[in-house]
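Structure file my_file.pdb with PDB, C-alpha atoms, pLDDT in the B column:
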```pdb
ATOM      1  CA  MET A  24      -9.747  11.346  -0.736  1.00 69.00           C
ATOM      2  CA  ILE A  25      -8.646  10.832   2.851  1.00 81.00           C
ATOM      3  CA  ASP A  26     -10.702  12.671   5.470  1.00 79.00           C
ATOM      4  CA  GLU A  27      -8.082  13.782   8.007  1.00 75.00           C
ATOM      5  CA  THR A  28     -10.814  14.695  10.477  1.00 79.00           C
ATOM      6  CA  LYS A  29     -12.058  11.104  10.715  1.00 86.00           C
ATOM      7  CA  GLN A  30     -10.642   9.827  14.008  1.00 90.00           C
ATOM      8  CA  SER A  31     -12.605   6.601  14.438  1.00 93.00           C
ATOM      9  CA  LEU A  32     -14.933   4.159  12.724  1.00 96.00           C
ATOM     10  CA  THR A  33     -18.621   3.857  13.381  1.00 96.00           C
ATOM     11  CA  ILE A  34     -19.863   0.503  14.682  1.00 97.00           C
ATOM     12  CA  GLU A  35     -21.278  -0.230  11.220  1.00 97.00           C
ATOM     13  CA  GLU A  36     -17.978   0.654   9.458  1.00 97.00           C
ATOM     14  CA  ARG A  37     -16.013  -1.459  11.929  1.00 98.00           C
ATOM     15  CA  THR A  38     -18.346  -4.459  11.552  1.00 98.00           C
ATOM     16  CA  LYS A  39     -18.301  -4.250   7.743  1.00 98.00           C
ATOM     17  CA  LEU A  40     -14.506  -3.867   7.614  1.00 98.00           C
ATOM     18  CA  LEU A  41     -13.927  -6.832   9.942  1.00 98.00           C
ATOM     19  CA  GLN A  42     -16.209  -8.946   7.755  1.00 98.00           C
ATOM     20  CA  ILE A  43     -14.290  -7.959   4.605  1.00 98.00           C
ATOM     21  CA  LEU A  44     -10.912  -8.607   6.261  1.00 98.00           C
ATOM     22  CA  LYS A  45     -12.001 -12.000   7.612  1.00 98.00           C
ATOM     23  CA  GLU A  46     -13.415 -13.117   4.248  1.00 98.00           C
ATOM     24  CA  ARG A  47     -10.268 -12.001   2.424  1.00 98.00           C
ATOM     25  CA  PHE A  48      -8.127 -13.768   5.036  1.00 98.00           C
ATOM     26  CA  GLU A  49     -10.079 -17.015   4.600  1.00 98.00           C
ATOM     27  CA  ASN A  50     -10.153 -16.800   0.793  1.00 98.00           C
ATOM     28  CA  HIS A  51      -6.366 -16.330   0.494  1.00 98.00           C
ATOM     29  CA  LEU A  52      -4.899 -18.704   3.075  1.00 97.00           C
ATOM     30  CA  TYR A  53      -1.723 -19.158   0.966  1.00 97.00           C
ATOM     31  CA  ARG A  54      -0.725 -15.607   1.987  1.00 97.00           C
ATOM     32  CA  HIS A  55      -0.559 -16.580   5.677  1.00 96.00           C
ATOM     33  CA  GLU A  56      -0.644 -20.380   5.966  1.00 93.00           C
ATOM     34  CA  THR A  57       0.290 -20.693   9.644  1.00 93.00           C
ATOM     35  CA  VAL A  58      -1.801 -17.789  10.939  1.00 96.00           C
ATOM     36  CA  ILE A  59      -5.191 -18.065  12.660  1.00 97.00           C
ATOM     37  CA  TRP A  60      -7.830 -15.363  12.155  1.00 98.00           C
ATOM     38  CA  GLU A  61      -8.674 -15.113  15.850  1.00 97.00           C
ATOM     39  CA  ASP A  62      -5.019 -14.251  16.593  1.00 97.00           C
ATOM     40  CA  ILE A  63      -5.121 -11.484  13.985  1.00 98.00           C
ATOM     41  CA  GLU A  64      -8.440 -10.115  15.198  1.00 97.00           C
ATOM     42  CA  LYS A  65      -7.006  -9.677  18.722  1.00 97.00           C
ATOM     43  CA  LYS A  66      -4.277  -7.396  17.318  1.00 97.00           C
ATOM     44  CA  LEU A  67      -6.638  -5.092  15.433  1.00 98.00           C
ATOM     45  CA  THR A  68      -6.613  -1.939  17.546  1.00 97.00           C
ATOM     46  CA  ASP A  69      -8.784   1.045  16.704  1.00 97.00           C
ATOM     47  CA  ASP A  70      -5.793   2.820  15.095  1.00 97.00           C
ATOM     48  CA  ILE A  71      -4.907  -0.188  12.948  1.00 98.00           C
ATOM     49  CA  LEU A  72      -8.541  -0.620  11.898  1.00 98.00           C
ATOM     50  CA  LEU A  73      -8.742   3.038  10.864  1.00 97.00           C
ATOM     51  CA  SER A  74      -5.617   2.610   8.724  1.00 97.00           C
ATOM     52  CA  LEU A  75      -7.028  -0.590   7.209  1.00 98.00           C
ATOM     53  CA  TYR A  76     -10.290   1.261   6.519  1.00 98.00           C
ATOM     54  CA  TRP A  77      -8.394   3.854   4.440  1.00 97.00           C
ATOM     55  CA  MET A  78      -6.406   1.135   2.694  1.00 98.00           C
ATOM     56  CA  GLU A  79      -9.676  -0.567   1.764  1.00 98.00           C
ATOM     57  CA  GLU A  80     -11.454   2.672   0.796  1.00 96.00           C
ATOM     58  CA  THR A  81      -8.660   3.613  -1.620  1.00 97.00           C
ATOM     59  CA  GLY A  82      -8.686   0.202  -3.327  1.00 98.00           C
ATOM     60  CA  GLY A  83      -5.775  -1.550  -1.619  1.00 98.00           C
ATOM     61  CA  GLU A  84      -7.519  -4.804  -0.636  1.00 98.00           C
ATOM     62  CA  PRO A  85      -5.281  -5.225   2.452  1.00 98.00           C
ATOM     63  CA  ASP A  86      -4.540  -8.719   3.679  1.00 98.00           C
ATOM     64  CA  VAL A  87      -2.203 -10.369   6.158  1.00 98.00           C
ATOM     65  CA  ILE A  88       1.182 -11.366   4.776  1.00 97.00           C
ATOM     66  CA  LEU A  89       3.946 -13.213   6.609  1.00 94.00           C
ATOM     67  CA  LEU A  90       7.042 -11.097   6.003  1.00 95.00           C
ATOM     68  CA  GLU A  91      10.609 -11.527   7.231  1.00 94.00           C
ATOM     69  CA  GLU A  92      10.095  -8.454   9.440  1.00 93.00           C
ATOM     70  CA  GLY A  93       6.895  -9.852  10.960  1.00 94.00           C
ATOM     71  CA  LEU A  94       3.194 -10.091  10.346  1.00 96.00           C
ATOM     72  CA  GLY A  95       1.610  -7.186   8.511  1.00 97.00           C
ATOM     73  CA  TYR A  96      -1.306  -6.009   6.451  1.00 98.00           C
ATOM     74  CA  VAL A  97      -0.178  -5.162   2.914  1.00 98.00           C
ATOM     75  CA  ASP A  98      -2.117  -3.883  -0.100  1.00 98.00           C
ATOM     76  CA  CYS A  99      -2.763  -7.031  -2.155  1.00 98.00           C
ATOM     77  CA  ALA A 100      -4.843  -5.495  -4.965  1.00 98.00           C
ATOM     78  CA  LYS A 101      -3.718  -6.858  -8.328  1.00 98.00           C
ATOM     79  CA  GLU A 102      -2.844  -3.348  -9.522  1.00 98.00           C
ATOM     80  CA  THR A 103      -1.620  -0.386  -7.483  1.00 98.00           C
ATOM     81  CA  PRO A 104      -4.595   0.977  -5.502  1.00 98.00           C
ATOM     82  CA  GLU A 105      -6.739   3.128  -7.771  1.00 97.00           C
ATOM     83  CA  GLY A 106      -7.490   5.717  -5.106  1.00 97.00           C
ATOM     84  CA  ARG A 107      -3.760   6.367  -4.639  1.00 97.00           C
ATOM     85  CA  ARG A 108      -2.540   6.896  -8.194  1.00 97.00           C
ATOM     86  CA  SER A 109      -1.175   9.932 -10.031  1.00 96.00           C
ATOM     87  CA  VAL A 110       0.919  11.068  -7.077  1.00 97.00           C
ATOM     88  CA  CYS A 111       4.556  12.088  -6.910  1.00 97.00           C
ATOM     89  CA  TYR A 112       6.804  10.567  -4.246  1.00 98.00           C
ATOM     90  CA  ASP A 113       6.773  13.125  -1.409  1.00 97.00           C
ATOM     91  CA  ASP A 114       5.815  16.696  -0.515  1.00 95.00           C
ATOM     92  CA  GLU A 115       9.284  18.048  -1.286  1.00 95.00           C
ATOM     93  CA  ALA A 116       8.946  16.746  -4.847  1.00 95.00           C
ATOM     94  CA  LEU A 117       5.397  18.085  -5.049  1.00 93.00           C
ATOM     95  CA  GLN A 118       6.552  21.588  -4.068  1.00 93.00           C
ATOM     96  CA  LYS A 119       9.418  21.541  -6.579  1.00 90.00           C
ATOM     97  CA  ARG A 120       7.155  20.600  -9.452  1.00 87.00           C
ATOM     98  CA  LYS A 121       6.688  23.701 -11.599  1.00 83.00           C
ATOM     99  CA  LYS A 122       3.570  22.794 -13.559  1.00 86.00           C
ATOM    100  CA  TYR A 123       0.950  20.074 -13.809  1.00 89.00           C
ATOM    101  CA  LYS A 124       1.247  19.338 -10.112  1.00 88.00           C
ATOM    102  CA  PRO A 125      -0.571  16.243  -8.878  1.00 93.00           C
ATOM    103  CA  GLU A 126      -3.012  16.693  -6.025  1.00 91.00           C
ATOM    104  CA  ASN A 127      -0.965  14.750  -3.505  1.00 94.00           C
ATOM    105  CA  SER A 128       2.177  12.737  -2.783  1.00 97.00           C
ATOM    106  CA  ALA A 129       2.574   9.102  -1.811  1.00 98.00           C
ATOM    107  CA  GLN A 130       4.333   9.934   1.461  1.00 98.00           C
ATOM    108  CA  HIS A 131       1.705  12.480   2.506  1.00 96.00           C
ATOM    109  CA  MET A 132      -1.185  10.140   1.743  1.00 97.00           C
ATOM    110  CA  ALA A 133       0.516   7.291   3.627  1.00 97.00           C
ATOM    111  CA  THR A 134       0.983   9.539   6.648  1.00 96.00           C
ATOM    112  CA  GLN A 135      -2.671  10.610   6.486  1.00 95.00           C
ATOM    113  CA  MET A 136      -3.679   6.941   6.411  1.00 96.00           C
ATOM    114  CA  GLY A 137      -1.362   5.905   9.245  1.00 96.00           C
ATOM    115  CA  ILE A 138       0.585   3.445   7.084  1.00 98.00           C
ATOM    116  CA  GLY A 139       4.088   3.102   5.716  1.00 98.00           C
ATOM    117  CA  LEU A 140       5.142   2.810   2.109  1.00 98.00           C
ATOM    118  CA  VAL A 141       6.210  -0.737   1.262  1.00 98.00           C
ATOM    119  CA  THR A 142      10.009  -1.081   1.144  1.00 98.00           C
ATOM    120  CA  GLU A 143      11.899  -2.731  -1.687  1.00 98.00           C
ATOM    121  CA  ALA A 144      12.408  -5.887   0.419  1.00 98.00           C
ATOM    122  CA  GLU A 145       8.734  -6.017   1.445  1.00 98.00           C
ATOM    123  CA  TYR A 146       7.667  -5.505  -2.181  1.00 98.00           C
ATOM    124  CA  GLU A 147       9.808  -8.414  -3.339  1.00 98.00           C
ATOM    125  CA  GLN A 148       8.371 -10.590  -0.548  1.00 98.00           C
ATOM    126  CA  LEU A 149       4.832  -9.594  -1.542  1.00 98.00           C
ATOM    127  CA  GLN A 150       5.590 -10.451  -5.172  1.00 98.00           C
ATOM    128  CA  ARG A 151       6.656 -13.963  -4.117  1.00 97.00           C
ATOM    129  CA  VAL A 152       3.236 -14.463  -2.501  1.00 97.00           C
ATOM    130  CA  GLU A 153       1.021 -12.542  -4.937  1.00 97.00           C
ATOM    131  CA  LYS A 154       1.820 -11.337  -8.450  1.00 98.00           C
ATOM    132  CA  VAL A 155       0.915  -7.638  -8.443  1.00 98.00           C
ATOM    133  CA  ASP A 156       1.464  -4.527 -10.567  1.00 98.00           C
ATOM    134  CA  LEU A 157       1.168  -6.323 -13.901  1.00 98.00           C
ATOM    135  CA  LYS A 158      -0.035  -3.123 -15.632  1.00 98.00           C
ATOM    136  CA  THR A 159       0.744  -0.483 -13.005  1.00 98.00           C
ATOM    137  CA  SER A 160       3.671   0.439 -10.773  1.00 98.00           C
ATOM    138  CA  SER A 161       4.059   1.394  -7.119  1.00 98.00           C
ATOM    139  CA  TRP A 162       6.321   3.925  -5.405  1.00 98.00           C
ATOM    140  CA  LEU A 163       8.478   2.240  -2.750  1.00 98.00           C
ATOM    141  CA  GLN A 164      10.060   3.628   0.403  1.00 98.00           C
ATOM    142  CA  THR A 165      13.265   5.226  -0.832  1.00 98.00           C
ATOM    143  CA  ASP A 166      16.581   5.541   0.986  1.00 97.00           C
ATOM    144  CA  GLU A 167      17.747   9.013   2.004  1.00 97.00           C
ATOM    145  CA  LYS A 168      20.776   9.033  -0.318  1.00 97.00           C
ATOM    146  CA  THR A 169      18.709   8.383  -3.433  1.00 97.00           C
ATOM    147  CA  ARG A 170      16.095  10.866  -2.284  1.00 97.00           C
ATOM    148  CA  ALA A 171      18.744  13.546  -1.578  1.00 96.00           C
ATOM    149  CA  LEU A 172      19.823  13.208  -5.211  1.00 96.00           C
ATOM    150  CA  GLY A 173      16.258  13.910  -6.353  1.00 95.00           C
ATOM    151  CA  GLY A 174      15.206  10.358  -7.094  1.00 97.00           C
ATOM    152  CA  ALA A 175      12.832   7.751  -5.745  1.00 98.00           C
ATOM    153  CA  ILE A 176      12.289   4.074  -6.499  1.00 98.00           C
ATOM    154  CA  PHE A 177       9.270   2.145  -7.697  1.00 98.00           C
ATOM    155  CA  GLY A 178       8.502  -1.412  -8.686  1.00 98.00           C
ATOM    156  CA  ASP A 179       6.351  -3.473 -11.000  1.00 98.00           C
ATOM    157  CA  ARG A 180       6.101  -6.952 -12.526  1.00 98.00           C
ATOM    158  CA  ARG A 181       6.668  -7.417 -16.229  1.00 98.00           C
ATOM    159  CA  TYR A 182       7.593 -10.534 -18.210  1.00 97.00           C
ATOM    160  CA  ASP A 183       6.912 -12.593 -15.061  1.00 96.00           C
ATOM    161  CA  ARG A 184       9.778 -10.798 -13.302  1.00 97.00           C
ATOM    162  CA  VAL A 185       9.900  -8.092 -10.611  1.00 98.00           C
ATOM    163  CA  PHE A 186      11.675  -4.878 -11.590  1.00 98.00           C
ATOM    164  CA  ILE A 187      12.790  -2.069  -9.303  1.00 98.00           C
ATOM    165  CA  TYR A 188      13.442   1.224 -11.078  1.00 97.00           C
ATOM    166  CA  HIS A 189      14.208   4.838 -10.309  1.00 96.00           C
ATOM    167  CA  ASN A 190      12.581   8.064 -11.404  1.00 96.00           C
ATOM    168  CA  GLY A 191      12.617  11.699 -10.413  1.00 95.00           C
ATOM    169  CA  ALA A 192      10.622  11.949  -7.196  1.00 96.00           C
ATOM    170  CA  ASP A 193       8.509  14.707  -8.747  1.00 95.00           C
ATOM    171  CA  SER A 194       7.282  12.495 -11.583  1.00 94.00           C
ATOM    172  CA  TYR A 195       3.816  11.034 -11.558  1.00 92.00           C
ATOM    173  CA  TYR A 196       1.846   8.840 -13.894  1.00 95.00           C
ATOM    174  CA  LYS A 197      -1.757   7.763 -14.213  1.00 95.00           C
ATOM    175  CA  VAL A 198      -0.764   4.160 -13.505  1.00 96.00           C
ATOM    176  CA  ARG A 199       1.684   4.755 -10.633  1.00 97.00           C
ATOM    177  CA  GLY A 200       0.509   4.832  -7.047  1.00 98.00           C
ATOM    178  CA  PHE A 201       1.800   3.216  -3.899  1.00 98.00           C
ATOM    179  CA  ARG A 202       1.267   0.187  -1.711  1.00 98.00           C
ATOM    180  CA  GLY A 203       1.104   0.507   2.034  1.00 98.00           C
ATOM    181  CA  ILE A 204       1.849  -1.661   5.026  1.00 98.00           C
ATOM    182  CA  VAL A 205       0.755  -1.816   8.658  1.00 98.00           C
ATOM    183  CA  TYR A 206       2.617  -4.193  10.966  1.00 97.00           C
ATOM    184  CA  LEU A 207       0.670  -6.015  13.669  1.00 96.00           C
TER     185      LEU A 207
END
```
Do you think you could lay out the structure here as structure tokens?
Amino acid sequence: MIDETKQSLTIEERTKLLQILKERFENHLYRHETVIWEDIEKKLTDDILLSLYWMEETGGEPDVILLEEGLGYVDCAKETPEGRRSVCYDDEALQKRKKYKPENSAQHMATQMGIGLVTEAEYEQLQRVEKVDLKTSSWLQTDEKTRALGGAIFGDRRYDRVFIYHNGADSYYKVRGFRGIVYL
């Protein structure tokens, strides 16, 4: 659960998070071959670190990925982050759901965490670097037209291939969550 009142990290939380991020960076150099840790560390503002803290706390295992749009931290956990599953797409869908409402929506949680939902293009780029969502699926940022029609998109990897699907935005499943991104 995201604590909306948490505005900053303690020195201990910051130190621990930086250690985790640096170790992950060094252990997965293929995700960012031309990037130097010291250059990344300089870009980690307090706001970005707080967002990365929530990404880490909810099971995202964020790491630096070189994307066409720039350099960003993306959830690289093998499966959709466990602390962000069983959510519908957004608050509008959550309010329209008549029964068995989930506790939260992907969009609301992302906003609380200070991150964006990964787009379809970013998801496909991530999948070229790291095979993810082999047993789960992740809501993706959905265009307004699709959303206005009541739908939302999500992706996964099956049969060694990336699939992008659609579903009612109010649907939720135990194995569907969302992946986030923070650009540096």
Tell me, counting all atoms listed in the file, for each residue of region 144-204 of chain A within 12 Å of region 59-81 of chain A, which pair of atoms is nearest and how far apart they are in Å to one decimal, in rows ordered by chain and increasing number, as CSV.
```
residue,atom,partner,partner_atom,distance
A:Gly200,CA,A:Thr81,CA,10.7
A:Phe201,CA,A:Thr81,CA,10.7
A:Arg202,CA,A:Met78,CA,8.9
A:Gly203,CA,A:Met78,CA,7.6
A:Ile204,CA,A:Met78,CA,9.0
```
>> Can you measure CA of Arg120 (chain A) to CA of Val155 (chain A) for me? One decimal in Å is fine.
In response: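 CA of Arg120 (chain A) sits 28.9 Å away from CA of Val155 (chain A).
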> Hey, can you check how far CA of Glu35 (chain A) sits from CA of Arg47 (chain A)?
Replying inline: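 Spanning CA of Glu35 (chain A) to CA of Arg47 (chain A) is a straight-line distance of 18.4 Å.
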>> Which residues are near region 140-152 of chain A? Cut-off 8 Å, only C-alpha atoms, ignore same chain within fewer than 5 positions. Put them as JSON, numbers by chain.
In response: {"A": [53, 54, 88, 90, 97, 129, 130, 133, 162, 163, 164, 165, 178, 185, 187, 201, 202, 203, 204]}
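Counting all atoms listed in the file, the residue from A:Thr57, A:Gln30, A:Gln42, A:Thr159 that sits nearest to Gln135 (chain A) is A:Gln30.
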Would you fill the gaps in region 125-136 of chain A so it has all heavy atoms, then print it as a short mmCIF file (atom, residue, chain, number, x, y, z; two decimals), keeping the file's coordinate frame?
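Result file part.cif:
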```
data_model
loop_
_atom_site.label_atom_id
_atom_site.label_comp_id
_atom_site.auth_asym_id
_atom_site.auth_seq_id
_atom_site.Cartn_x
_atom_site.Cartn_y
_atom_site.Cartn_z
N PRO A 125 0.49 17.17 -9.32
CA PRO A 125 -0.57 16.24 -8.88
C PRO A 125 -1.21 16.80 -7.61
O PRO A 125 -0.70 17.73 -7.00
CB PRO A 125 0.19 14.95 -8.60
CG PRO A 125 1.58 15.38 -8.31
CD PRO A 125 1.82 16.63 -9.10
N GLU A 126 -2.31 16.21 -7.21
CA GLU A 126 -3.01 16.69 -6.02
C GLU A 126 -2.33 16.30 -4.72
O GLU A 126 -2.55 16.94 -3.70
CB GLU A 126 -4.45 16.16 -6.01
CG GLU A 126 -5.32 16.77 -7.09
CD GLU A 126 -6.75 16.30 -7.01
OE1 GLU A 126 -7.19 15.89 -5.92
OE2 GLU A 126 -7.42 16.32 -8.06
N ASN A 127 -1.51 15.26 -4.75
CA ASN A 127 -0.96 14.75 -3.50
C ASN A 127 0.34 14.01 -3.76
O ASN A 127 0.75 13.83 -4.91
CB ASN A 127 -1.98 13.82 -2.83
CG ASN A 127 -1.94 13.90 -1.32
OD1 ASN A 127 -0.93 14.22 -0.72
ND2 ASN A 127 -3.07 13.59 -0.70
N SER A 128 0.97 13.56 -2.68
CA SER A 128 2.18 12.74 -2.78
C SER A 128 1.94 11.41 -2.05
O SER A 128 1.10 11.34 -1.14
CB SER A 128 3.38 13.47 -2.17
OG SER A 128 3.30 13.48 -0.76
N ALA A 129 2.70 10.42 -2.44
CA ALA A 129 2.57 9.10 -1.81
C ALA A 129 2.88 9.17 -0.31
O ALA A 129 2.13 8.63 0.50
CB ALA A 129 3.51 8.10 -2.50
N GLN A 130 3.96 9.84 0.05
CA GLN A 130 4.33 9.93 1.46
C GLN A 130 3.27 10.65 2.29
O GLN A 130 2.95 10.22 3.39
CB GLN A 130 5.68 10.65 1.62
CG GLN A 130 6.87 9.81 1.22
CD GLN A 130 7.21 8.74 2.23
OE1 GLN A 130 6.54 8.55 3.25
NE2 GLN A 130 8.26 8.00 1.97
N HIS A 131 2.72 11.73 1.76
CA HIS A 131 1.70 12.48 2.51
C HIS A 131 0.44 11.64 2.70
O HIS A 131 -0.11 11.58 3.79
CB HIS A 131 1.38 13.79 1.80
CG HIS A 131 0.44 14.65 2.58
ND1 HIS A 131 -0.87 14.82 2.21
CD2 HIS A 131 0.62 15.37 3.72
CE1 HIS A 131 -1.47 15.61 3.10
NE2 HIS A 131 -0.59 15.96 4.01
N MET A 132 0.01 10.98 1.63
CA MET A 132 -1.18 10.14 1.74
C MET A 132 -0.96 9.01 2.75
O MET A 132 -1.84 8.71 3.56
CB MET A 132 -1.57 9.56 0.39
CG MET A 132 -2.23 10.56 -0.54
SD MET A 132 -2.79 9.78 -2.08
CE MET A 132 -4.29 8.98 -1.49
N ALA A 133 0.22 8.39 2.70
CA ALA A 133 0.52 7.29 3.63
C ALA A 133 0.46 7.79 5.07
O ALA A 133 -0.12 7.13 5.94
CB ALA A 133 1.88 6.68 3.32
N THR A 134 1.02 8.96 5.30
CA THR A 134 0.98 9.54 6.65
C THR A 134 -0.45 9.80 7.08
O THR A 134 -0.83 9.49 8.21
CB THR A 134 1.80 10.84 6.70
OG1 THR A 134 3.16 10.53 6.36
CG2 THR A 134 1.75 11.49 8.07
N GLN A 135 -1.26 10.36 6.18
CA GLN A 135 -2.67 10.61 6.49
C GLN A 135 -3.39 9.32 6.87
O GLN A 135 -4.27 9.32 7.72
CB GLN A 135 -3.39 11.22 5.28
CG GLN A 135 -3.04 12.65 4.98
CD GLN A 135 -3.78 13.11 3.72
OE1 GLN A 135 -3.64 12.53 2.64
NE2 GLN A 135 -4.58 14.14 3.88
N MET A 136 -3.02 8.22 6.21
CA MET A 136 -3.68 6.94 6.41
C MET A 136 -3.11 6.17 7.60
O MET A 136 -3.66 5.14 7.99
CB MET A 136 -3.54 6.09 5.14
CG MET A 136 -4.23 6.70 3.93
SD MET A 136 -3.75 5.90 2.38
CE MET A 136 -4.48 4.29 2.58
#
```
